[in-house]
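Inspection log for the structure reproduced underneath, given as structure tokens.
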Amino acid sequence: MIKIENDKYQAEINEVGAELTHFVLKDVNYDLVWNDPDGSIWKRHAPILFPAIGRSNEGKYLLNNKFYKMKQHGFARDYRFDEVKRYGSTKVELVQHATPETKKVFPFAYVLRVMYELVSAGLKISFTVENPNQTIMPFALGFHPGWNIKGFLEEYSIELEGSATPVARYGVGPVPFRNGMIAPLAEAIFNKIPLGHSFLDQGLVILDVHNANSVLLKRKPDSNILRINIKDFPYLTLWSPEGKNAPFVCIESFAGLPDKAGEPVDWYQKLGNNLLAPGESKHFETVIGTF
């Protein structure tokens, strides 16, 4: 495990998947990130999703008229990042490269860089995808953190700062696939969305947040818990394990979407996918701010 620290925060990152496992407010010794000691609810913490988001139809996808297998949410979260570069006590970069094993399911060389930096406002995380190939590389990238909650989930809400209204939701069904529909989110009150297990027990909620700058996690009556910068991510997903009354909520920043239910999808045509030109890179950044 890799630790970084400043006067306000401490964070811990696993070299496997470059996954954030702890983000601690030092003054109150409170860990914001979900941890499940026995794995009975959800064994993850804040996985990075690459090069796929969600489950692929029939567990595979199409590329240049050839089928490739793909695990749910891709594979980057399950592989060790092979380079670690430290910058003092507050900043670290982890780098993952393609291997012969990854090329069996994703036939590209790639470089995935993840930078964690503790700043005065919170935790800044940057993701950079590089394409060293001679062809266009399609990919999706997501950040899937679980945030601890105190009390009941029904005490919480999110607010989409800068979002267009009405807030649009991508239809889901059967879970976890999209159904191809998009419509206003009935539960939204302008740019505010009340949370609760009855809401999330229906399955993941995928929102169109192309115009939003950040998302606030709030607790009644009027407490701000987190502000998450999402301007580099056009989609936001809300999730908590269905039927488990789990004491955490995932607020997931997506640059990409799950498959629409049906046949395996051509990744060059898939809605939401990024198409990275040869020799180019694409950068995504978020800041997890506290109050």
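In the structure tokens, the first chain shown is A, the next is B, and so on; residue numbers restart at 1 for each chain, and ligands run from 1 in the order shown.
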
Which residues are near A:Ile158? Cut-off 7 Å, only C-alpha atoms, ignore same chain within fewer than 2 positions. Put them as a PyMOL selection string.
chain A and resi 160+192-194+215-218

Hey, what's within 12 Å of A:Phe284 if we count only C-alpha atoms and toss same-chain stuff fewer than 5 positions away? As a PyMOL selection string, please?
chain A and resi 112-115+124-130+140-143+229-234+253-255+274

Take the residues that were just selected and, keeping N, CA and C atoms, output them as a CSV table (one decimal), in the first residue's frame.
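Final output, saved to part-v4.csv:
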```csv
chain,number,residue,atom,x,y,z
A,112,LEU,N,-1.8,3.9,-18.9
A,112,LEU,CA,-2.8,4.5,-18.0
A,112,LEU,C,-2.1,5.1,-16.8
A,113,ARG,N,-2.2,6.4,-16.7
A,113,ARG,CA,-1.5,7.1,-15.6
A,113,ARG,C,-2.6,7.6,-14.6
A,114,VAL,N,-2.3,7.4,-13.3
A,114,VAL,CA,-3.2,7.9,-12.3
A,114,VAL,C,-2.4,8.6,-11.3
A,115,MET,N,-2.8,9.9,-11.0
A,115,MET,CA,-2.0,10.7,-10.1
A,115,MET,C,-2.9,11.1,-8.9
A,124,LYS,N,-6.9,15.5,-5.1
A,124,LYS,CA,-7.0,15.7,-6.5
A,124,LYS,C,-6.5,14.4,-7.2
A,125,ILE,N,-7.4,13.9,-8.1
A,125,ILE,CA,-7.0,12.7,-8.8
A,125,ILE,C,-7.1,13.0,-10.3
A,126,SER,N,-6.0,12.6,-11.0
A,126,SER,CA,-6.0,12.8,-12.5
A,126,SER,C,-5.7,11.5,-13.2
A,127,PHE,N,-6.3,11.3,-14.3
A,127,PHE,CA,-6.2,10.1,-15.1
A,127,PHE,C,-5.8,10.5,-16.5
A,128,THR,N,-4.8,9.9,-17.0
A,128,THR,CA,-4.3,10.1,-18.4
A,128,THR,C,-4.2,8.8,-19.1
A,129,VAL,N,-4.9,8.8,-20.3
A,129,VAL,CA,-4.8,7.6,-21.1
A,129,VAL,C,-4.0,8.0,-22.4
A,130,GLU,N,-2.9,7.2,-22.7
A,130,GLU,CA,-2.1,7.4,-23.8
A,130,GLU,C,-2.2,6.3,-24.9
A,140,ALA,N,-13.3,3.4,-22.6
A,140,ALA,CA,-14.1,4.1,-21.6
A,140,ALA,C,-13.3,4.1,-20.3
A,141,LEU,N,-13.6,5.2,-19.5
A,141,LEU,CA,-12.8,5.3,-18.2
A,141,LEU,C,-13.8,5.8,-17.1
A,142,GLY,N,-13.8,5.1,-16.0
A,142,GLY,CA,-14.7,5.5,-14.9
A,142,GLY,C,-14.0,5.4,-13.5
A,143,PHE,N,-14.5,6.2,-12.6
A,143,PHE,CA,-14.0,6.2,-11.2
A,143,PHE,C,-15.2,5.9,-10.3
A,229,ASN,N,-15.6,17.4,-8.2
A,229,ASN,CA,-15.5,18.0,-9.5
A,229,ASN,C,-15.8,17.0,-10.6
A,230,ILE,N,-16.7,17.2,-11.5
A,230,ILE,CA,-17.1,16.2,-12.5
A,230,ILE,C,-17.0,16.8,-13.9
A,231,LYS,N,-16.4,18.0,-14.1
A,231,LYS,CA,-16.6,18.7,-15.4
A,231,LYS,C,-15.9,17.9,-16.5
A,232,ASP,N,-15.0,17.0,-16.2
A,232,ASP,CA,-14.3,16.2,-17.3
A,232,ASP,C,-15.1,14.9,-17.6
A,233,PHE,N,-16.2,14.7,-16.9
A,233,PHE,CA,-16.9,13.4,-17.0
A,233,PHE,C,-18.4,13.7,-17.4
A,234,PRO,N,-18.8,13.2,-18.6
A,234,PRO,CA,-20.1,13.6,-19.0
A,234,PRO,C,-21.3,12.8,-18.4
A,253,SER,N,-18.0,8.8,-11.5
A,253,SER,CA,-17.7,9.7,-12.6
A,253,SER,C,-17.4,8.8,-13.8
A,254,PHE,N,-18.1,8.9,-14.9
A,254,PHE,CA,-18.0,8.1,-16.1
A,254,PHE,C,-17.6,8.9,-17.3
A,255,ALA,N,-16.6,8.5,-18.0
A,255,ALA,CA,-16.4,8.9,-19.4
A,255,ALA,C,-16.6,7.7,-20.3
A,274,ASN,N,-14.7,6.9,-25.9
A,274,ASN,CA,-13.7,7.8,-26.3
A,274,ASN,C,-12.9,7.2,-27.4
```

Could you list, as a VMD selection string, every residue within 7 Å of stretch 40-56 of chain A, counting only C-alpha atoms and ignoring same-chain residues fewer than 5 positions away?
chain A and resid 17 19 to 21 33 to 35 61 70 to 77 139 to 146 176 256 to 259 264

Nearest residue to A:Asn224 out of A:Tyr68, A:Tyr9, A:Phe81, A:Phe291, using only C-alpha atoms?
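Using only C-alpha atoms, the shortest distance to A:Asn224 belongs to A:Phe291.
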
One residue among A:Leu226, A:Leu25, A:Ile4, A:Leu123 is nearest to A:Trp147 when using only C-alpha atoms, and that residue is A:Leu226

Give me the residues within 8 Å of A:Gly171 as a short mmCIF file (atom, residue, chain, number, x, y, z; two decimals) with C-alpha atoms, in the first residue's frame, counting only C-alpha atoms and dropping any in the same chain fewer than 4 places off.
```cif
data_model
loop_
_atom_site.label_atom_id
_atom_site.label_comp_id
_atom_site.auth_asym_id
_atom_site.auth_seq_id
_atom_site.Cartn_x
_atom_site.Cartn_y
_atom_site.Cartn_z
CA ARG A 178 -28.98 0.34 -20.67
CA ASN A 179 -32.31 -0.02 -22.44
CA GLY A 180 -31.66 2.79 -24.94
CA MET A 181 -34.13 5.25 -23.42
CA ILE A 182 -33.34 8.66 -21.93
CA ALA A 183 -35.88 10.73 -20.01
CA ILE A 206 -27.07 6.83 -14.82
#
```

Work out how far atom CA of A:Lys282 is from atom CA of A:Tyr235, in Å to one decimal.
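Atom CA of A:Tyr235 sits 16.5 Å away from atom CA of A:Lys282.
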